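Chemist: Handing over start16.txt, compact mmCIF, C-alpha atoms.
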# COMPACT_ATOMS: atom_id res chain seq x y z
CA MET A 1 -0.25 29.06 -59.62
CA GLU A 2 0.73 30.32 -56.20
CA ARG A 3 4.05 31.68 -57.50
CA LEU A 4 2.40 33.34 -60.51
CA ALA A 5 -0.26 34.98 -58.34
CA GLY A 6 2.38 36.18 -55.87
CA TYR A 7 4.49 37.60 -58.67
CA ALA A 8 1.52 39.47 -60.19
CA ALA A 9 0.52 40.84 -56.80
CA ARG A 10 4.01 42.28 -56.25
CA LEU A 11 4.24 44.14 -59.59
CA PRO A 12 4.39 47.88 -58.84
CA VAL A 13 1.51 49.74 -60.50
CA GLY A 14 1.76 53.46 -61.05
CA ASP A 15 3.09 56.36 -63.07
CA PRO A 16 5.29 54.99 -65.88
CA ARG A 17 7.67 57.94 -65.39
CA GLU A 18 8.58 56.62 -61.95
CA PRO A 19 11.59 54.28 -62.00
CA GLY A 20 9.97 51.56 -59.88
CA THR A 21 6.78 51.26 -61.92
CA VAL A 22 6.33 48.04 -63.85
CA VAL A 23 2.65 48.34 -64.81
CA GLY A 24 1.45 51.71 -66.06
CA PRO A 25 -2.07 52.79 -67.00
CA VAL A 26 -4.09 51.72 -70.00
CA ILE A 27 -5.47 54.41 -72.28
CA PRO A 28 -8.26 55.63 -72.36
CA ALA A 29 -10.72 55.12 -69.49
CA ALA A 30 -12.98 53.14 -71.84
CA HIS A 31 -10.19 50.60 -72.31
CA ARG A 32 -9.76 50.22 -68.55
CA ASP A 33 -13.51 49.60 -68.36
CA ARG A 34 -13.20 47.00 -71.13
CA VAL A 35 -10.39 45.14 -69.35
CA GLU A 36 -12.30 45.22 -66.06
CA ALA A 37 -15.41 43.92 -67.88
CA TYR A 38 -13.36 40.95 -69.12
CA VAL A 39 -12.29 40.18 -65.54
CA GLY A 40 -15.97 40.31 -64.51
CA LEU A 41 -16.90 38.09 -67.44
CA GLY A 42 -14.21 35.62 -66.41
CA ARG A 43 -15.73 35.45 -62.93
CA LYS A 44 -19.19 34.84 -64.45
CA GLU A 45 -17.74 32.10 -66.66
CA GLY A 46 -16.29 30.36 -63.59
CA ALA A 47 -12.73 31.68 -63.41
CA VAL A 48 -11.22 32.29 -60.00
CA VAL A 49 -9.33 35.55 -59.48
CA VAL A 50 -6.12 34.59 -57.64
CA ALA A 51 -4.42 38.00 -57.98
CA GLY A 52 -5.68 41.48 -58.77
CA GLY A 53 -9.20 41.86 -60.01
CA GLU A 54 -9.71 45.21 -58.30
CA ARG A 55 -8.91 48.73 -59.45
CA PRO A 56 -5.71 50.04 -57.84
CA PRO A 57 -6.32 52.98 -55.46
CA LEU A 58 -4.42 55.54 -57.56
CA LYS A 59 -5.67 59.08 -58.08
CA ARG A 60 -4.36 59.60 -61.65
CA GLY A 61 -4.41 57.32 -64.66
CA PHE A 62 -6.57 54.47 -65.87
CA HIS A 63 -4.89 51.62 -64.01
CA VAL A 64 -5.77 47.94 -63.93
CA ALA A 65 -4.21 45.72 -61.28
CA PRO A 66 -2.16 42.82 -62.67
CA THR A 67 -4.72 40.04 -62.58
CA VAL A 68 -4.47 36.25 -62.76
CA LEU A 69 -7.56 34.21 -63.63
CA ALA A 70 -7.30 30.53 -62.65
CA ASP A 71 -9.53 27.51 -63.27
CA CYS A 72 -10.22 28.64 -66.82
CA THR A 73 -11.25 26.46 -69.74
CA ASP A 74 -10.53 26.93 -73.42
CA GLY A 75 -14.21 27.64 -74.09
CA MET A 76 -14.28 30.80 -71.96
CA ARG A 77 -14.29 34.13 -73.79
CA VAL A 78 -11.47 35.37 -71.54
CA ALA A 79 -9.36 32.52 -72.89
CA ARG A 80 -10.34 33.02 -76.53
CA GLU A 81 -10.33 36.80 -77.00
CA GLU A 82 -7.62 39.46 -76.79
CA ILE A 83 -7.98 41.40 -73.55
CA PHE A 84 -5.05 43.80 -74.08
CA GLY A 85 -4.50 44.47 -70.42
CA PRO A 86 -2.46 43.12 -67.51
CA VAL A 87 -4.54 39.93 -67.23
CA VAL A 88 -3.22 36.36 -67.38
CA VAL A 89 -5.74 33.62 -68.10
CA VAL A 90 -4.52 30.19 -66.97
CA VAL A 91 -5.93 27.12 -68.72
CA PRO A 92 -4.44 23.85 -67.44
CA VAL A 93 -3.22 21.33 -70.01
CA ASP A 94 -1.80 17.83 -69.75
CA ASP A 95 1.08 18.04 -72.22
CA GLU A 96 2.91 20.05 -74.88
CA ASP A 97 0.73 18.91 -77.74
CA GLU A 98 -2.42 20.02 -75.94
CA ALA A 99 -0.82 23.35 -75.03
CA VAL A 100 0.18 24.08 -78.64
CA ALA A 101 -3.20 22.96 -79.98
CA LEU A 102 -4.98 25.19 -77.46
CA ALA A 103 -2.78 28.22 -78.19
CA ASP A 104 -3.25 27.83 -81.94
CA ASP A 105 -7.01 27.22 -81.75
CA SER A 106 -7.76 30.92 -81.80
CA GLU A 107 -8.73 33.65 -84.22
CA TYR A 108 -5.78 35.61 -82.87
CA GLY A 109 -2.04 35.17 -82.88
CA LEU A 110 -0.23 38.29 -81.72
CA ILE A 111 2.14 36.90 -79.10
CA ASP A 112 2.49 33.81 -76.95
CA TYR A 113 4.66 33.20 -73.91
CA VAL A 114 6.33 29.93 -72.97
CA TRP A 115 7.67 29.47 -69.46
CA SER A 116 9.81 26.47 -68.57
CA ALA A 117 12.90 25.62 -66.56
CA ASP A 118 13.78 23.36 -69.50
CA VAL A 119 15.09 25.94 -72.00
CA PRO A 120 15.41 23.56 -74.99
CA ARG A 121 11.82 22.45 -74.38
CA ALA A 122 10.64 26.07 -74.23
CA PHE A 123 12.27 26.79 -77.59
CA ARG A 124 10.86 23.59 -79.09
CA VAL A 125 7.35 24.62 -78.06
CA ALA A 126 7.92 28.23 -79.18
CA ARG A 127 8.86 27.08 -82.70
CA ARG A 128 5.59 25.15 -82.97
CA LEU A 129 3.33 28.09 -82.11
CA ARG A 130 1.58 29.98 -84.92
CA THR A 131 1.93 33.49 -83.58
CA GLY A 132 3.72 36.69 -84.53
CA GLY A 133 6.08 36.51 -81.57
CA VAL A 134 6.94 34.26 -78.67
CA GLY A 135 8.49 35.26 -75.37
CA SER A 136 10.52 32.43 -73.89
CA ASN A 137 10.78 32.89 -70.11
CA THR A 138 10.24 36.64 -70.55
CA VAL A 139 7.57 39.17 -71.38
CA GLY A 140 10.27 41.47 -72.76
CA ARG A 141 10.69 42.34 -76.40
CA ASN A 142 13.67 42.84 -78.63
CA MET A 143 12.87 46.26 -80.05
CA GLU A 144 14.87 45.48 -83.20
CA ALA A 145 12.93 42.31 -84.00
CA PRO A 146 9.88 42.58 -86.24
CA SER A 147 6.54 42.41 -84.49
CA GLY A 148 3.05 41.71 -85.73
CA GLY A 149 0.42 39.04 -85.49
CA PHE A 150 -1.07 36.12 -87.35
CA ARG A 151 -4.72 35.62 -88.30
CA ARG A 152 -6.91 38.45 -86.87
CA SER A 153 -4.03 39.95 -84.87
CA GLY A 154 -2.79 42.39 -87.43
CA VAL A 155 -1.40 42.72 -90.87
CA GLY A 156 2.25 43.13 -91.74
CA ARG A 157 5.20 43.71 -89.43
CA ASP A 158 6.50 46.68 -87.50
CA VAL A 159 10.20 47.28 -86.79
CA GLY A 160 13.13 45.64 -88.55
CA SER A 161 13.62 45.17 -92.28
CA TYR A 162 10.26 43.37 -92.59
CA ALA A 163 8.51 46.66 -91.82
CA LEU A 164 9.93 48.16 -95.02
CA HIS A 165 7.72 45.84 -97.06
CA ALA A 166 4.62 47.61 -95.71
CA CYS A 167 6.02 50.89 -97.08
CA SER A 168 6.93 49.47 -100.47
CA GLU A 169 5.04 49.03 -103.69
CA VAL A 170 6.35 46.27 -105.86
CA GLN A 171 5.69 46.39 -109.59
CA SER A 172 6.30 43.70 -112.18
CA ILE A 173 6.78 44.64 -115.83
CA VAL A 174 6.54 41.83 -118.35
CA ARG A 175 7.65 42.08 -121.94
CA PRO A 176 7.26 39.59 -124.74
CA GLY A 177 9.88 36.99 -125.41
Would you encode the structure as structure tokens?
Modeler:
Amino acid sequence: MERLAGYAARLPVGDPREPGTVVGPVIPAAHRDRVEAYVGLGRKEGAVVVAGGERPPLKRGFHVAPTVLADCTDGMRVAREEIFGPVVVVVPVDDEDEAVALADDSEYGLIDYVWSADVPRAFRVARRLRTGGVGSNTVGRNMEAPSGGFRRSGVGRDVGSYALHACSEVQSIVRPG
């Protein structure tokens, strides 16, 4: 937790046009307010903010500091709903099976992340997750790979050949015998 909090605290927040920026603004101001409300809700639910949690002191843009919420449980709204901001909610688990069950016990399934020094284990866990995408030891994306979610996290796929299906209309014509 200490390493994760330290990493989040060091992420440069600012103008996305600047080469050193890692975390740009959210859009619009109402979304920043929504993300900040989730952080406040997490605090009310008993989460401990171990990084971020405050608005960065920038004059332009709707920025949210990279935030890590610790001591969370799977019943908290911050752990069960999509925040769509630079917020990590940490729910401790005892083993792989519990981690997969927790990740899949959600109405949403856009993307999961698996972090492990044991790369074969990370891929084994990633294959078990019911989500549109999984980052294994990265938050990066392959921009040529299809993206999209499961359950309430979207319909269809963007990018790649799978995206063509959303732009297609398939017709079947049946004739006798």
Chemist: Please compute the CA of Glu2 (chain A)-CA of Asp104 (chain A) distance, one decimal, in Å.
Modeler: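 Rounded to one decimal, the two atoms are 26.2 Å apart.
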Chemist: Which residues are near Leu129 (chain A)? Cut-off 10 Å, all atoms listed in the file, ignore same chain within fewer than 5 positions. Put them as an mmCIF file with C-alpha atoms, in the frame of the given file.
Modeler:
data_model
loop_
_atom_site.group_PDB
_atom_site.id
_atom_site.type_symbol
_atom_site.label_atom_id
_atom_site.label_comp_id
_atom_site.auth_asym_id
_atom_site.auth_seq_id
_atom_site.Cartn_x
_atom_site.Cartn_y
_atom_site.Cartn_z
ATOM 1 C CA ALA A 99 -0.820 23.350 -75.030
ATOM 2 C CA VAL A 100 0.180 24.080 -78.640
ATOM 3 C CA ALA A 101 -3.200 22.960 -79.980
ATOM 4 C CA LEU A 102 -4.980 25.190 -77.460
ATOM 5 C CA ALA A 103 -2.780 28.220 -78.190
ATOM 6 C CA ASP A 104 -3.250 27.830 -81.940
ATOM 7 C CA GLY A 109 -2.040 35.170 -82.880
ATOM 8 C CA ILE A 111 2.140 36.900 -79.100
ATOM 9 C CA ASP A 112 2.490 33.810 -76.950
ATOM 10 C CA TYR A 113 4.660 33.200 -73.910
ATOM 11 C CA VAL A 114 6.330 29.930 -72.970
ATOM 12 C CA ARG A 124 10.860 23.590 -79.090
ATOM 13 C CA VAL A 134 6.940 34.260 -78.670
#
Chemist: Give me, please, the distance in Å between CA of Pro66 (chain A) and CA of Ala51 (chain A), quoted to one decimal.
Modeler: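 Computing it gives 7.1 Å between the two atoms.
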Chemist: Interatomic distance between CA of Leu4 (chain A) and CA of Phe84 (chain A)?
Modeler: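 According to the coordinates, CA of Leu4 (chain A) and CA of Phe84 (chain A) are separated by 18.7 Å.
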Chemist: Please list as a PDB file with C-alpha atoms, in the coordinates of the input every residue within 8 Å of Val68 (chain A), counting all atoms listed in the file and excluding residues in the same chain fewer than 6 positions away.
Modeler:
ATOM      1  CA  LEU A   4       2.400  33.340 -60.510  1.00  0.00           C
ATOM      2  CA  ALA A   5      -0.260  34.980 -58.340  1.00  0.00           C
ATOM      3  CA  ALA A   8       1.520  39.470 -60.190  1.00  0.00           C
ATOM      4  CA  VAL A  49      -9.330  35.550 -59.480  1.00  0.00           C
ATOM      5  CA  VAL A  50      -6.120  34.590 -57.640  1.00  0.00           C
ATOM      6  CA  ALA A  51      -4.420  38.000 -57.980  1.00  0.00           C
ATOM      7  CA  GLY A  52      -5.680  41.480 -58.770  1.00  0.00           C
ATOM      8  CA  GLY A  53      -9.200  41.860 -60.010  1.00  0.00           C
ATOM      9  CA  VAL A  87      -4.540  39.930 -67.230  1.00  0.00           C
ATOM     10  CA  VAL A  88      -3.220  36.360 -67.380  1.00  0.00           C
ATOM     11  CA  VAL A  89      -5.740  33.620 -68.100  1.00  0.00           C
ATOM     12  CA  VAL A  90      -4.520  30.190 -66.970  1.00  0.00           C
TER      13      VAL A  90
END
Chemist: Is there a way to get, as number ranges by chain, all residues within 12 Å of the point (3.2, 54.2, -58.6) in file coordinates, counting all atoms listed in the file?
Modeler: A: 11-25, 56-61, 63, 65
Chemist: Nearest residue to Arg32 (chain A) out of A:Glu54, A:Glu81, A:Asp74, A:Asp118, using only C-alpha atoms?
Modeler: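 Checking each candidate against Arg32 (chain A), we get A:Glu54 as the closest.
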Chemist: Which is closer to Val26 (chain A) than all the others in A:Gly85, A:Pro176, A:Gly75, A:Pro120, using only C-alpha atoms?
Modeler: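 Nearest candidate to Val26 (chain A) out of A:Gly85, A:Pro176, A:Gly75, A:Pro120: A:Gly85.
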